[in-house]
Each structure stands twice: as structure tokens, then as C-alpha cells.
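Visitor: Contents are PDB, C-alpha atoms; file name input-v3.pdb:
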```
ATOM      1  CA  MET A  12      -8.775  83.724  -4.106
ATOM      2  CA  SER A  13     -12.426  84.736  -3.686
ATOM      3  CA  PRO A  14     -13.724  88.310  -3.110
ATOM      4  CA  THR A  15     -14.372  87.519   0.558
ATOM      5  CA  ALA A  16     -10.761  86.393   0.971
ATOM      6  CA  THR A  17      -9.262  89.819   0.163
ATOM      7  CA  PRO A  18      -9.184  91.029   3.799
ATOM      8  CA  HIS A  19      -7.450  87.800   4.745
ATOM      9  CA  GLN A  20      -4.810  88.397   2.093
ATOM     10  CA  ALA A  21      -4.252  91.926   3.418
ATOM     11  CA  ARG A  22      -3.941  90.566   6.949
ATOM     12  CA  ALA A  23      -1.510  87.916   5.715
ATOM     13  CA  MET A  24       0.695  90.569   4.102
ATOM     14  CA  LEU A  25       0.742  92.726   7.243
ATOM     15  CA  THR A  26       1.498  89.700   9.393
ATOM     16  CA  MET A  27       4.366  88.787   7.078
ATOM     17  CA  LEU A  28       5.878  92.276   7.409
ATOM     18  CA  VAL A  29       5.767  91.967  11.202
ATOM     19  CA  ALA A  30       7.345  88.506  11.010
ATOM     20  CA  VAL A  31      10.215  89.796   8.864
ATOM     21  CA  ALA A  32      10.957  92.608  11.341
ATOM     22  CA  LEU A  33      10.954  90.214  14.292
ATOM     23  CA  PHE A  34      13.198  87.716  12.546
ATOM     24  CA  ALA A  35      15.621  90.502  11.613
ATOM     25  CA  MET A  36      15.919  91.371  15.317
ATOM     26  CA  MET A  37      16.480  87.704  16.091
ATOM     27  CA  ASP A  38      19.092  87.383  13.337
ATOM     28  CA  ALA A  39      21.028  90.347  14.702
ATOM     29  CA  GLY A  40      21.145  88.534  18.045
ATOM     30  CA  LEU A  41      22.214  85.283  16.360
ATOM     31  CA  LYS A  42      25.041  87.110  14.601
ATOM     32  CA  GLN A  43      26.267  88.432  17.922
ATOM     33  CA  LEU A  44      26.127  84.970  19.507
ATOM     34  CA  SER A  45      27.863  83.362  16.516
ATOM     35  CA  ALA A  46      31.066  85.163  17.451
ATOM     36  CA  HIS A  47      31.233  83.110  20.661
ATOM     37  CA  TYR A  48      29.508  79.752  19.990
ATOM     38  CA  PRO A  49      29.442  77.103  17.183
ATOM     39  CA  PRO A  50      26.585  77.276  14.615
ATOM     40  CA  PHE A  51      24.709  74.179  15.837
ATOM     41  CA  GLN A  52      24.861  75.433  19.431
ATOM     42  CA  VAL A  53      23.482  78.836  18.424
ATOM     43  CA  ALA A  54      20.704  77.083  16.475
ATOM     44  CA  SER A  55      19.883  74.947  19.512
ATOM     45  CA  LEU A  56      19.819  77.990  21.815
ATOM     46  CA  ARG A  57      17.427  79.706  19.402
ATOM     47  CA  GLY A  58      14.981  76.800  19.585
ATOM     48  CA  ALA A  59      15.346  76.256  23.326
ATOM     49  CA  ALA A  60      14.901  79.959  24.136
ATOM     50  CA  SER A  61      11.635  80.197  22.190
ATOM     51  CA  LEU A  62      10.209  76.826  23.248
ATOM     52  CA  PRO A  63       8.895  77.789  26.743
ATOM     53  CA  LEU A  64       6.980  80.768  25.364
ATOM     54  CA  VAL A  65       5.588  78.782  22.456
ATOM     55  CA  LEU A  66       4.612  75.843  24.658
ATOM     56  CA  VAL A  67       2.780  77.997  27.227
ATOM     57  CA  TRP A  68       0.871  79.760  24.467
ATOM     58  CA  ALA A  69       0.018  76.486  22.709
ATOM     59  CA  LEU A  70      -1.281  74.800  25.863
ATOM     60  CA  ALA A  71      -3.300  77.879  26.854
ATOM     61  CA  THR A  72      -4.965  78.254  23.470
ATOM     62  CA  ALA A  73      -5.345  74.689  22.192
ATOM     63  CA  GLY A  74      -4.538  72.223  24.958
ATOM     64  CA  VAL A  75      -2.576  68.997  24.662
ATOM     65  CA  ARG A  76      -4.609  66.995  22.139
ATOM     66  CA  PRO A  77      -3.877  69.124  19.009
ATOM     67  CA  LEU A  78      -0.170  68.816  19.805
ATOM     68  CA  LEU A  79      -0.294  65.022  19.696
ATOM     69  CA  ARG A  80      -2.696  64.372  16.823
ATOM     70  CA  VAL A  81      -0.432  65.527  14.001
ATOM     71  CA  ARG A  82       1.169  64.306  10.794
ATOM     72  CA  TRP A  83       4.431  63.193  12.348
ATOM     73  CA  SER A  84       6.263  62.506   9.077
ATOM     74  CA  LEU A  85       5.837  66.071   7.847
ATOM     75  CA  HIS A  86       6.708  67.523  11.252
ATOM     76  CA  LEU A  87       9.874  65.433  11.308
ATOM     77  CA  LEU A  88      10.760  66.622   7.804
ATOM     78  CA  ARG A  89      10.175  70.220   8.842
ATOM     79  CA  GLY A  90      12.343  69.684  11.929
ATOM     80  CA  VAL A  91      15.258  68.341   9.851
ATOM     81  CA  LEU A  92      14.879  71.268   7.461
ATOM     82  CA  GLY A  93      14.738  73.677  10.385
ATOM     83  CA  VAL A  94      17.959  72.381  11.954
ATOM     84  CA  ALA A  95      19.806  72.531   8.626
ATOM     85  CA  MET A  96      18.456  75.992   7.844
ATOM     86  CA  MET A  97      19.338  77.477  11.240
ATOM     87  CA  ALA A  98      22.861  76.027  11.374
ATOM     88  CA  THR A  99      23.803  77.082   7.843
ATOM     89  CA  PHE A 100      22.249  80.519   8.289
ATOM     90  CA  VAL A 101      24.069  81.095  11.600
ATOM     91  CA  TYR A 102      27.351  80.102   9.969
ATOM     92  CA  ALA A 103      26.679  82.547   7.127
ATOM     93  CA  VAL A 104      25.896  85.536   9.356
ATOM     94  CA  SER A 105      29.036  84.825  11.375
ATOM     95  CA  LYS A 106      31.082  85.437   8.196
ATOM     96  CA  LEU A 107      28.992  87.940   6.203
ATOM     97  CA  PRO A 108      27.156  91.209   6.955
ATOM     98  CA  LEU A 109      23.430  90.772   7.589
ATOM     99  CA  SER A 110      22.581  92.790   4.473
ATOM    100  CA  THR A 111      24.749  90.568   2.257
ATOM    101  CA  THR A 112      23.338  87.415   3.840
ATOM    102  CA  TYR A 113      19.772  88.638   3.353
ATOM    103  CA  SER A 114      20.454  89.645  -0.238
ATOM    104  CA  ILE A 115      21.600  86.115  -1.119
ATOM    105  CA  PHE A 116      18.822  84.581   0.992
ATOM    106  CA  PHE A 117      16.292  86.470  -1.150
ATOM    107  CA  VAL A 118      16.351  83.493  -3.510
ATOM    108  CA  ALA A 119      14.018  81.793  -0.993
ATOM    109  CA  PRO A 120      10.818  83.715  -1.925
ATOM    110  CA  LEU A 121      11.525  82.977  -5.590
ATOM    111  CA  LEU A 122      11.812  79.283  -4.756
ATOM    112  CA  ILE A 123       8.614  79.384  -2.689
ATOM    113  CA  THR A 124       6.718  80.949  -5.583
ATOM    114  CA  ALA A 125       8.062  78.329  -7.980
ATOM    115  CA  LEU A 126       7.345  75.436  -5.590
ATOM    116  CA  SER A 127       3.809  76.676  -4.930
ATOM    117  CA  VAL A 128       2.846  75.479  -8.428
ATOM    118  CA  PRO A 129       3.651  71.730  -8.288
ATOM    119  CA  VAL A 130       3.148  71.289  -4.540
ATOM    120  CA  LEU A 131       0.226  73.579  -3.700
ATOM    121  CA  GLY A 132      -1.474  73.808  -7.081
ATOM    122  CA  GLU A 133      -1.320  77.619  -7.123
ATOM    123  CA  LYS A 134      -1.296  79.400 -10.476
ATOM    124  CA  VAL A 135       1.807  81.302 -11.545
ATOM    125  CA  GLY A 136       1.547  82.853 -15.005
ATOM    126  CA  PRO A 137       4.331  83.245 -17.594
ATOM    127  CA  ARG A 138       5.063  86.846 -16.605
ATOM    128  CA  ARG A 139       5.666  85.818 -13.000
ATOM    129  CA  TRP A 140       7.951  83.022 -14.189
ATOM    130  CA  VAL A 141       9.948  85.670 -16.062
ATOM    131  CA  ALA A 142      10.151  87.691 -12.833
ATOM    132  CA  ILE A 143      11.459  84.614 -11.003
ATOM    133  CA  VAL A 144      14.161  84.094 -13.633
ATOM    134  CA  ILE A 145      15.163  87.769 -13.428
ATOM    135  CA  GLY A 146      15.364  87.439  -9.660
ATOM    136  CA  LEU A 147      17.699  84.469 -10.047
ATOM    137  CA  VAL A 148      19.885  86.607 -12.294
ATOM    138  CA  GLY A 149      20.084  89.043  -9.399
ATOM    139  CA  VAL A 150      21.328  86.223  -7.190
ATOM    140  CA  LEU A 151      24.056  85.451  -9.735
ATOM    141  CA  VAL A 152      25.078  89.116  -9.673
ATOM    142  CA  LEU A 153      25.403  88.905  -5.890
ATOM    143  CA  LEU A 154      27.517  85.756  -6.135
ATOM    144  CA  ARG A 155      29.789  87.052  -8.910
ATOM    145  CA  PRO A 156      33.394  86.310  -7.933
ATOM    146  CA  THR A 157      34.505  89.363  -5.953
ATOM    147  CA  GLY A 158      35.509  89.649  -2.316
ATOM    148  CA  GLU A 159      33.130  86.904  -1.217
ATOM    149  CA  GLY A 160      32.825  85.172  -4.557
ATOM    150  CA  LEU A 161      30.764  82.330  -5.915
ATOM    151  CA  VAL A 162      32.968  79.748  -4.178
ATOM    152  CA  SER A 163      32.594  81.355  -0.733
ATOM    153  CA  LEU A 164      31.558  78.715   1.806
ATOM    154  CA  ALA A 165      29.451  81.337   3.611
ATOM    155  CA  ALA A 166      27.581  82.196   0.387
ATOM    156  CA  VAL A 167      26.918  78.503  -0.287
ATOM    157  CA  ALA A 168      25.650  78.164   3.293
ATOM    158  CA  VAL A 169      23.140  80.963   2.654
ATOM    159  CA  LEU A 170      21.884  79.219  -0.488
ATOM    160  CA  VAL A 171      21.458  75.949   1.415
ATOM    161  CA  ALA A 172      19.547  77.795   4.137
ATOM    162  CA  ALA A 173      17.330  79.415   1.502
ATOM    163  CA  VAL A 174      16.433  76.061  -0.055
ATOM    164  CA  MET A 175      15.663  74.582   3.360
ATOM    165  CA  TYR A 176      13.498  77.585   4.221
ATOM    166  CA  ALA A 177      11.555  77.419   0.951
ATOM    167  CA  VAL A 178      10.713  73.739   1.339
ATOM    168  CA  SER A 179       9.794  74.290   5.003
ATOM    169  CA  ALA A 180       7.479  77.164   4.088
ATOM    170  CA  ILE A 181       5.677  74.945   1.588
ATOM    171  CA  THR A 182       5.228  72.246   4.235
ATOM    172  CA  VAL A 183       3.469  74.843   6.418
ATOM    173  CA  ARG A 184       0.830  75.264   3.737
ATOM    174  CA  VAL A 185       0.426  71.483   3.460
ATOM    175  CA  LEU A 186       0.315  70.921   7.228
ATOM    176  CA  ALA A 187      -2.149  73.782   7.685
ATOM    177  CA  ARG A 188      -4.817  71.639   6.015
ATOM    178  CA  THR A 189      -4.848  69.217   8.946
ATOM    179  CA  ASP A 190      -2.647  70.464  11.813
ATOM    180  CA  SER A 191      -2.904  73.464  14.124
ATOM    181  CA  THR A 192      -0.605  76.478  14.221
ATOM    182  CA  GLN A 193       0.257  75.479  17.791
ATOM    183  CA  SER A 194       1.501  72.036  16.800
ATOM    184  CA  MET A 195       3.586  73.405  13.939
ATOM    185  CA  MET A 196       5.298  75.923  16.192
ATOM    186  CA  VAL A 197       5.866  73.646  19.189
ATOM    187  CA  TRP A 198       7.318  70.701  17.301
ATOM    188  CA  LEU A 199       9.555  72.879  15.140
ATOM    189  CA  MET A 200      11.084  74.467  18.252
ATOM    190  CA  VAL A 201      11.439  71.085  19.966
ATOM    191  CA  MET A 202      13.176  69.528  16.982
ATOM    192  CA  ILE A 203      15.522  72.473  16.460
ATOM    193  CA  ALA A 204      16.430  72.605  20.157
ATOM    194  CA  VAL A 205      16.964  68.842  20.493
ATOM    195  CA  GLY A 206      18.326  68.074  17.031
ATOM    196  CA  ALA A 207      20.793  70.957  16.835
ATOM    197  CA  GLY A 208      21.677  70.442  20.493
ATOM    198  CA  ALA A 209      22.602  66.805  19.884
ATOM    199  CA  LEU A 210      24.824  67.781  16.959
ATOM    200  CA  ALA A 211      26.407  70.605  18.973
ATOM    201  CA  TRP A 212      27.006  68.577  22.142
ATOM    202  CA  PRO A 213      30.538  67.250  21.310
ATOM    203  CA  GLU A 214      31.803  70.850  20.940
ATOM    204  CA  TRP A 215      29.430  72.584  23.378
ATOM    205  CA  VAL A 216      30.822  75.849  24.764
ATOM    206  CA  PRO A 217      29.738  76.957  28.275
ATOM    207  CA  ILE A 218      27.296  79.861  28.030
ATOM    208  CA  ARG A 219      28.595  83.132  29.401
ATOM    209  CA  ARG A 220      26.398  84.976  31.883
ATOM    210  CA  GLU A 221      26.434  88.232  29.904
ATOM    211  CA  HIS A 222      24.764  86.439  26.988
ATOM    212  CA  PHE A 223      21.680  85.326  28.923
ATOM    213  CA  TRP A 224      19.767  88.514  28.102
ATOM    214  CA  LEU A 225      20.671  88.174  24.424
ATOM    215  CA  ILE A 226      19.478  84.565  24.322
ATOM    216  CA  ALA A 227      16.229  85.589  26.037
ATOM    217  CA  GLY A 228      15.684  88.353  23.466
ATOM    218  CA  ILE A 229      16.298  85.901  20.634
ATOM    219  CA  GLY A 230      13.739  83.574  22.202
ATOM    220  CA  VAL A 231      11.035  86.246  22.420
ATOM    221  CA  ALA A 232      11.642  87.641  18.927
ATOM    222  CA  GLY A 233      11.883  84.129  17.470
ATOM    223  CA  ALA A 234       8.670  82.931  19.132
ATOM    224  CA  LEU A 235       6.662  85.961  18.019
ATOM    225  CA  GLY A 236       8.197  85.859  14.551
ATOM    226  CA  GLN A 237       7.473  82.150  14.150
ATOM    227  CA  TYR A 238       3.853  82.692  15.109
ATOM    228  CA  ALA A 239       3.527  85.600  12.693
ATOM    229  CA  ILE A 240       5.088  83.806   9.735
ATOM    230  CA  THR A 241       3.089  80.620  10.360
ATOM    231  CA  GLU A 242      -0.121  82.639  10.427
ATOM    232  CA  ALA A 243       0.895  84.553   7.299
ATOM    233  CA  PHE A 244       1.315  81.352   5.295
ATOM    234  CA  ARG A 245      -1.948  79.981   6.702
ATOM    235  CA  LEU A 246      -3.901  83.099   5.705
ATOM    236  CA  GLY A 247      -2.424  83.916   2.324
ATOM    237  CA  GLU A 248      -1.168  82.288  -0.848
ATOM    238  CA  ALA A 249       2.537  81.541  -0.719
ATOM    239  CA  SER A 250       3.110  83.192  -4.109
ATOM    240  CA  LEU A 251       1.626  86.467  -2.777
ATOM    241  CA  ILE A 252       3.228  86.889   0.635
ATOM    242  CA  ALA A 253       6.639  85.322   0.018
ATOM    243  CA  PRO A 254       8.060  88.382  -1.824
ATOM    244  CA  LEU A 255       7.513  90.476   1.317
ATOM    245  CA  GLU A 256      10.624  88.780   2.666
ATOM    246  CA  TYR A 257      12.540  91.436   0.729
ATOM    247  CA  THR A 258      11.787  94.039   3.378
ATOM    248  CA  ALA A 259      14.412  92.248   5.483
ATOM    249  CA  LEU A 260      17.083  94.150   3.536
ATOM    250  CA  VAL A 261      15.989  97.405   5.181
ATOM    251  CA  TRP A 262      16.445  95.848   8.607
ATOM    252  CA  GLY A 263      19.722  94.225   7.609
ATOM    253  CA  VAL A 264      21.220  97.522   6.472
ATOM    254  CA  LEU A 265      19.969  99.246   9.629
ATOM    255  CA  PHE A 266      21.482  96.655  11.967
ATOM    256  CA  ASP A 267      24.731  96.430   9.990
ATOM    257  CA  LEU A 268      25.188 100.180  10.232
ATOM    258  CA  THR A 269      24.183 100.662  13.865
ATOM    259  CA  LEU A 270      25.757  97.520  15.390
ATOM    260  CA  TRP A 271      28.751  96.756  13.148
ATOM    261  CA  GLY A 272      29.364  99.991  11.237
ATOM    262  CA  VAL A 273      29.234  98.455   7.743
ATOM    263  CA  LEU A 274      27.188  99.159   4.639
ATOM    264  CA  PRO A 275      26.454  96.981   1.570
ATOM    265  CA  ASP A 276      28.886  97.303  -1.334
ATOM    266  CA  ARG A 277      27.872  98.193  -4.892
ATOM    267  CA  ILE A 278      27.486  94.560  -6.015
ATOM    268  CA  THR A 279      25.148  93.867  -3.107
ATOM    269  CA  TRP A 280      22.979  96.871  -3.929
ATOM    270  CA  VAL A 281      22.773  95.945  -7.627
ATOM    271  CA  GLY A 282      21.984  92.286  -7.038
ATOM    272  CA  ALA A 283      19.512  92.998  -4.246
ATOM    273  CA  GLY A 284      17.858  95.675  -6.373
ATOM    274  CA  ILE A 285      17.250  93.239  -9.222
ATOM    275  CA  ILE A 286      15.745  90.684  -6.838
ATOM    276  CA  VAL A 287      13.556  93.228  -5.035
ATOM    277  CA  VAL A 288      12.203  94.605  -8.314
ATOM    278  CA  SER A 289      11.339  91.093  -9.470
ATOM    279  CA  GLY A 290       9.621  90.434  -6.133
ATOM    280  CA  LEU A 291       7.571  93.610  -6.341
ATOM    281  CA  TYR A 292       6.557  92.637  -9.852
ATOM    282  CA  LEU A 293       5.384  89.272  -8.544
ATOM    283  CA  ILE A 294       3.096  91.081  -6.089
ATOM    284  CA  ARG A 295       1.755  93.338  -8.841
ATOM    285  CA  ARG A 296       1.035  90.390 -11.152
ATOM    286  CA  GLU A 297      -0.789  88.593  -8.320
ATOM    287  CA  ARG A 298      -3.042  91.613  -7.833
ATOM    288  CA  VAL A 299      -3.721  91.884 -11.568
ATOM    289  CA  HIS A 300      -4.524  88.171 -11.686
ATOM    290  CA  ALA A 301      -6.910  88.465  -8.724
ATOM    291  CA  GLU A 302      -8.685  91.482 -10.228
ATOM    292  CA  ALA A 303      -9.089  89.682 -13.549
ATOM    293  CA  GLU A 304     -10.665  86.684 -11.838
ATOM    294  CA  HIS A 305     -12.937  88.785  -9.610
ATOM    295  CA  PRO A 306     -13.769  92.114 -11.320
TER     296      PRO A 306
END
```
What is this file in C-alpha cells?
Guide:
Amino acid sequence: MSPTATPHQARAMLTMLVAVALFAMMDAGLKQLSAHYPPFQVASLRGAASLPLVLVWALATAGVRPLLRVRWSLHLLRGVLGVAMMATFVYAVSKLPLSTTYSIFFVAPLLITALSVPVLGEKVGPRRWVAIVIGLVGVLVLLRPTGEGLVSLAAVAVLVAAVMYAVSAITVRVLARTDSTQSMMVWLMVMIAVGAGALAWPEWVPIRREHFWLIAGIGVAGALGQYAITEAFRLGEASLIAPLEYTALVWGVLFDLTLWGVLPDRITWVGAGIIVVSGLYLIRRERVHAEAEHP
């Protein structure tokens, strides 16, 4: 990054923190819905609830043309990834506490940092590679055969969601070179709503009236969070802002305690701690690298 880009990096980091908080609120709502509806239906409701807000904003700020002149192949890929990520994540939170789900999902920022090298051409030094490996060790600690165990279907679902998220986040950086933020947000919501809806249709459960407010809240938090995270990856290097995903653990613990009366067990704390420390080290190494390049 150049000296003039530093304020943009700071803005990207702040935007990422806001995005994580909004998505944590959305995830708490998804967990509540998952007790009543199948995973693909919950994923479809998430996309459909956010779509009107996203579409109005996109048309008001950019008009129709930027929504149509896009790289359709990459948008389609991102849509497929989005459907898979949402469905597997919803299934996981229906079986696991939010804090446990987040702790396993923390492999995603490590994957983003690793993928930023071959795909985006970003530089990740040997010390940051060591931090990534240590973070993966933390994931293995979390998945050690205990109550949930390495063979838990819910734990595997989280890992699948993390891989889908990492690849999707990298596509944002690629698409940002040619396509608008508006197009990325609109078409992702459309594809999640339609794609997950089509898969959910054979087992669709009628929506209960008391859940309308919850679905609306998920839509608002999801739309604002999607905007924030898209902007964060547009403004900053993926290897810098991705580790800020770890702040989701704070929100996960808070929601688990206040809404479901549970706290993470010792294994979760140990594994999450290893991953968070490795993530913080990644941020520190990025700053050292930037200062060395631009004294």
C-alpha cells in the first residue's frame, strides 16, 4: 500500500468491524429461525428479506446500467458459493452455539489470507505463513473429538461454509476491479433468494406470523452488513482486514449468554484463543511490512 492509502486502510478496518457486528446480529436471528424452518428456506429468507433494501439503494445510487453490465460468470460463481455458505452455516448454528460455530468458522480469515497470494498477488511473508499454520492448529484443537468431535456433521458444515466464504471474499476483490458495489450486492441477494428458494421449495414450511419481525430484522442487518463487508474488501487488502472477523467471537458469546444461556467450553476457549492470537499477529506483521516499505 502507498502512504496515501493509509486512511483507506483504517476506514476499511473500521468498516469491517461494523460488518462483523451486523452479521452477528443477523446470525442470531438465523439461529432462531433455524429452529422452525429448513436450512435452505432460512437461507432464501435471508436473501429475500435483504433484497428490497439493497435494490432500492442500488437503483438510487447507481441506476440500472451498472447492474446489467457485469461479469456474469463471476457473479454466478459467487451466487453458488453464497447459497452453499448460507445453507451450511444455518445448519451449523441450528446444532451448535454461536460461539462454537464462530470459533470453527475462524478458519475463513486464514484461508482468505492464504488465497490472497495466488489469486490477488498480495505479499504474505514467512512469519505470516507461520501464523496461518498456528491458526489452523487452533482449528484442530476446536475439532478434537469431544462432545461435538471431528466427525460432527455440524462442524463439517461450518468448515464448508468457511471455505465458501473465503473463496467468495476473494471474488469480491477480483470483481471490484470492474464491477460496482451495487451490482455485487444485488446479484448476490438475488441468487441466494432464488437459488436457495428453489432448493427449499419441495420442503417449504409456511411462515408463521410471529416470525415476520425477525425476518425483517435479518433483512436489515444483512443488507447493511453486506454493504459494509463489500466496502471493506474494496478499500483494504484482504490479508489485512480478514483477521478482524475474529471480533465475532465477542458477539457470539454475548448472544449465546443472553438469548440461550450458554457459554463456550474450555476447548472452545483454547482453540479460539490460538486462532485469535494468530490473527492479531497477522495484523501486526502487516503493519510492520507497511512501515518497512514506507518509512
Visitor: Hey, what comes out of the PyMOL selection byres ((chain A and resi 273) around 12) on this file? Could you write it as a list in words?
Guide: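 Taken on the displayed file, the PyMOL selection byres ((chain A and resi 273) around 12) yields the residues Leu107, Pro108, Leu109, Ser110, Thr111, Gly263, Val264, Leu265, Phe266, Asp267, Leu268, Thr269, Leu270, Trp271, Gly272, Leu274, Pro275 and Asp276 of chain A.
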Visitor: For the selection just defined, write its residues with C-alpha atoms to a file, as a short mmCIF file (atom, residue, chain, number, x, y, z; two decimals), in the frame of the given file.
Guide:
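Result saved to result.cif:
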```
data_model
loop_
_atom_site.label_atom_id
_atom_site.label_comp_id
_atom_site.auth_asym_id
_atom_site.auth_seq_id
_atom_site.Cartn_x
_atom_site.Cartn_y
_atom_site.Cartn_z
CA LEU A 107 28.99 87.94 6.20
CA PRO A 108 27.16 91.21 6.96
CA LEU A 109 23.43 90.77 7.59
CA SER A 110 22.58 92.79 4.47
CA THR A 111 24.75 90.57 2.26
CA GLY A 263 19.72 94.22 7.61
CA VAL A 264 21.22 97.52 6.47
CA LEU A 265 19.97 99.25 9.63
CA PHE A 266 21.48 96.66 11.97
CA ASP A 267 24.73 96.43 9.99
CA LEU A 268 25.19 100.18 10.23
CA THR A 269 24.18 100.66 13.86
CA LEU A 270 25.76 97.52 15.39
CA TRP A 271 28.75 96.76 13.15
CA GLY A 272 29.36 99.99 11.24
CA LEU A 274 27.19 99.16 4.64
CA PRO A 275 26.45 96.98 1.57
CA ASP A 276 28.89 97.30 -1.33
#
```
Visitor: Please, what distance in Å, to one decimal, runs between atom CA of Arg89 of chain A and atom CA of Gly282 of chain A?
Guide: 29.6 Å
Visitor: In terms of the shortest atom-to-atom distance over all atoms listed in the file, which of A:Ser289, A:Thr279, A:Thr112, A:Gln237 is closest to Val65 of chain A?
Guide: A:Gln237
Visitor: Using only C-alpha atoms and a cutoff of 12 Å, can you tell me which residues are near (16.3, 94.4, 12.8) in the file's coordinates, and write them out as a ChimeraX atom specification?
Guide: /A:28-42,109-110,113,229,232,236,258-270
Visitor: Would you mind telling me which residue in A:Ile286, A:Leu66, A:Val216, A:Ala211 lies nearest to His47 of chain A when using all atoms listed in the file?
Guide: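 Answer, going by the shortest atom-to-atom distance: A:Val216.
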Visitor: Just the number, please: distance in Å from atom CA of Val104 of chain A to atom CA of Ala283 of chain A, one decimal.
Guide: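 Going from atom CA of Val104 of chain A over to atom CA of Ala283 of chain A covers 16.8 Å.
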Visitor: Between atom CA of Ile226 of chain A and atom CA of Gly206 of chain A, what is the spacing in Å?
Guide: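 Atom-to-atom, atom CA of Gly206 of chain A to atom CA of Ile226 of chain A, that is 18.1 Å.
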Visitor: Applying 7 Å and all atoms listed in the file, which residues near Val171 of chain A remain after dropping the ones on its own chain fewer than 4 positions away? List them as a ChimeraX atom specification.
Guide: /A:99,167,175
Visitor: Extract, using only C-alpha atoms, all DNA, RNA and protein residues at most 9 Å from segment 190-198 of chain A, discarding same-chain residues fewer than 3 positions from it, and format them as a PyMOL selection string.
Guide: chain A and resi 62+65-66+68-70+72-73+77-82+86-87+89-90+183+185-187+201-203+234+237-238+241-242+245
Visitor: Show which residues sit within 7 Å of Gln52 of chain A, as a ChimeraX atom specification. Count all atoms listed in the file, and ignore same-chain residues fewer than 3 positions away.
Guide: /A:48-49,55-56,207-208,211,215
Visitor: As a check of understanding, name the residues that the PyMOL selection byres ((chain A and resi 174) around 12) selects in the supplied structure, as number ranges by chain.
Guide: A: 92-93, 95-97, 99-100, 115-123, 125-126, 167-173, 175-181
Visitor: Could you list the residues chosen by the PyMOL selection byres ((chain A and resi 142) around 9) in this structure as number ranges by chain?
Guide: A: 121, 137-141, 143-147, 286, 288-290, 292-293
Visitor: My list of candidates is A:Val101, A:Ala59, A:Ser163, A:Leu153. Which is closest to Arg277 of chain A when distances are computed with only C-alpha atoms?
Guide: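 Closest residue, counting only C-alpha atoms: A:Leu153.
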Visitor: Any chance you could export segment 279-285 of chain A with all heavy atoms, as a CSV table (one decimal), in the first residue's frame?
Guide:
```
chain,number,residue,atom,x,y,z
A,279,THR,N,-13.3,-24.8,23.4
A,279,THR,CA,-13.6,-23.7,22.5
A,279,THR,C,-12.8,-22.5,22.9
A,279,THR,O,-12.2,-21.8,21.9
A,279,THR,CB,-15.1,-23.3,22.7
A,279,THR,OG1,-15.9,-24.5,22.3
A,279,THR,CG2,-15.5,-22.2,21.7
A,280,TRP,N,-12.6,-22.2,24.1
A,280,TRP,CA,-11.8,-21.0,24.5
A,280,TRP,C,-10.3,-21.2,24.1
A,280,TRP,O,-9.7,-20.3,23.6
A,280,TRP,CB,-11.8,-20.8,26.0
A,280,TRP,CG,-13.1,-20.1,26.5
A,280,TRP,CD1,-14.0,-20.6,27.4
A,280,TRP,CD2,-13.6,-18.8,26.2
A,280,TRP,NE1,-15.0,-19.7,27.6
A,280,TRP,CE2,-14.8,-18.6,26.9
A,280,TRP,CE3,-13.1,-17.8,25.4
A,280,TRP,CZ2,-15.5,-17.4,26.8
A,280,TRP,CZ3,-13.8,-16.6,25.3
A,280,TRP,CH2,-15.0,-16.4,26.0
A,281,VAL,N,-9.8,-22.4,24.3
A,281,VAL,CA,-8.4,-22.7,23.9
A,281,VAL,C,-8.2,-22.6,22.4
A,281,VAL,O,-7.3,-21.9,21.9
A,281,VAL,CB,-7.9,-24.1,24.5
A,281,VAL,CG1,-6.5,-24.4,23.9
A,281,VAL,CG2,-7.9,-24.1,26.0
A,282,GLY,N,-9.0,-23.3,21.7
A,282,GLY,CA,-8.9,-23.2,20.2
A,282,GLY,C,-9.1,-21.9,19.7
A,282,GLY,O,-8.3,-21.4,18.8
A,283,ALA,N,-10.2,-21.2,20.1
A,283,ALA,CA,-10.4,-19.8,19.6
A,283,ALA,C,-9.3,-18.9,20.0
A,283,ALA,O,-8.9,-18.0,19.2
A,283,ALA,CB,-11.7,-19.3,20.2
A,284,GLY,N,-8.7,-19.1,21.2
A,284,GLY,CA,-7.6,-18.2,21.6
A,284,GLY,C,-6.4,-18.3,20.7
A,284,GLY,O,-5.8,-17.3,20.4
A,285,ILE,N,-6.1,-19.6,20.4
A,285,ILE,CA,-4.9,-19.8,19.4
A,285,ILE,C,-5.2,-19.1,18.1
A,285,ILE,O,-4.3,-18.4,17.6
A,285,ILE,CB,-4.7,-21.3,19.2
A,285,ILE,CG1,-4.3,-22.0,20.5
A,285,ILE,CG2,-3.7,-21.5,18.1
A,285,ILE,CD1,-4.2,-23.5,20.4
```
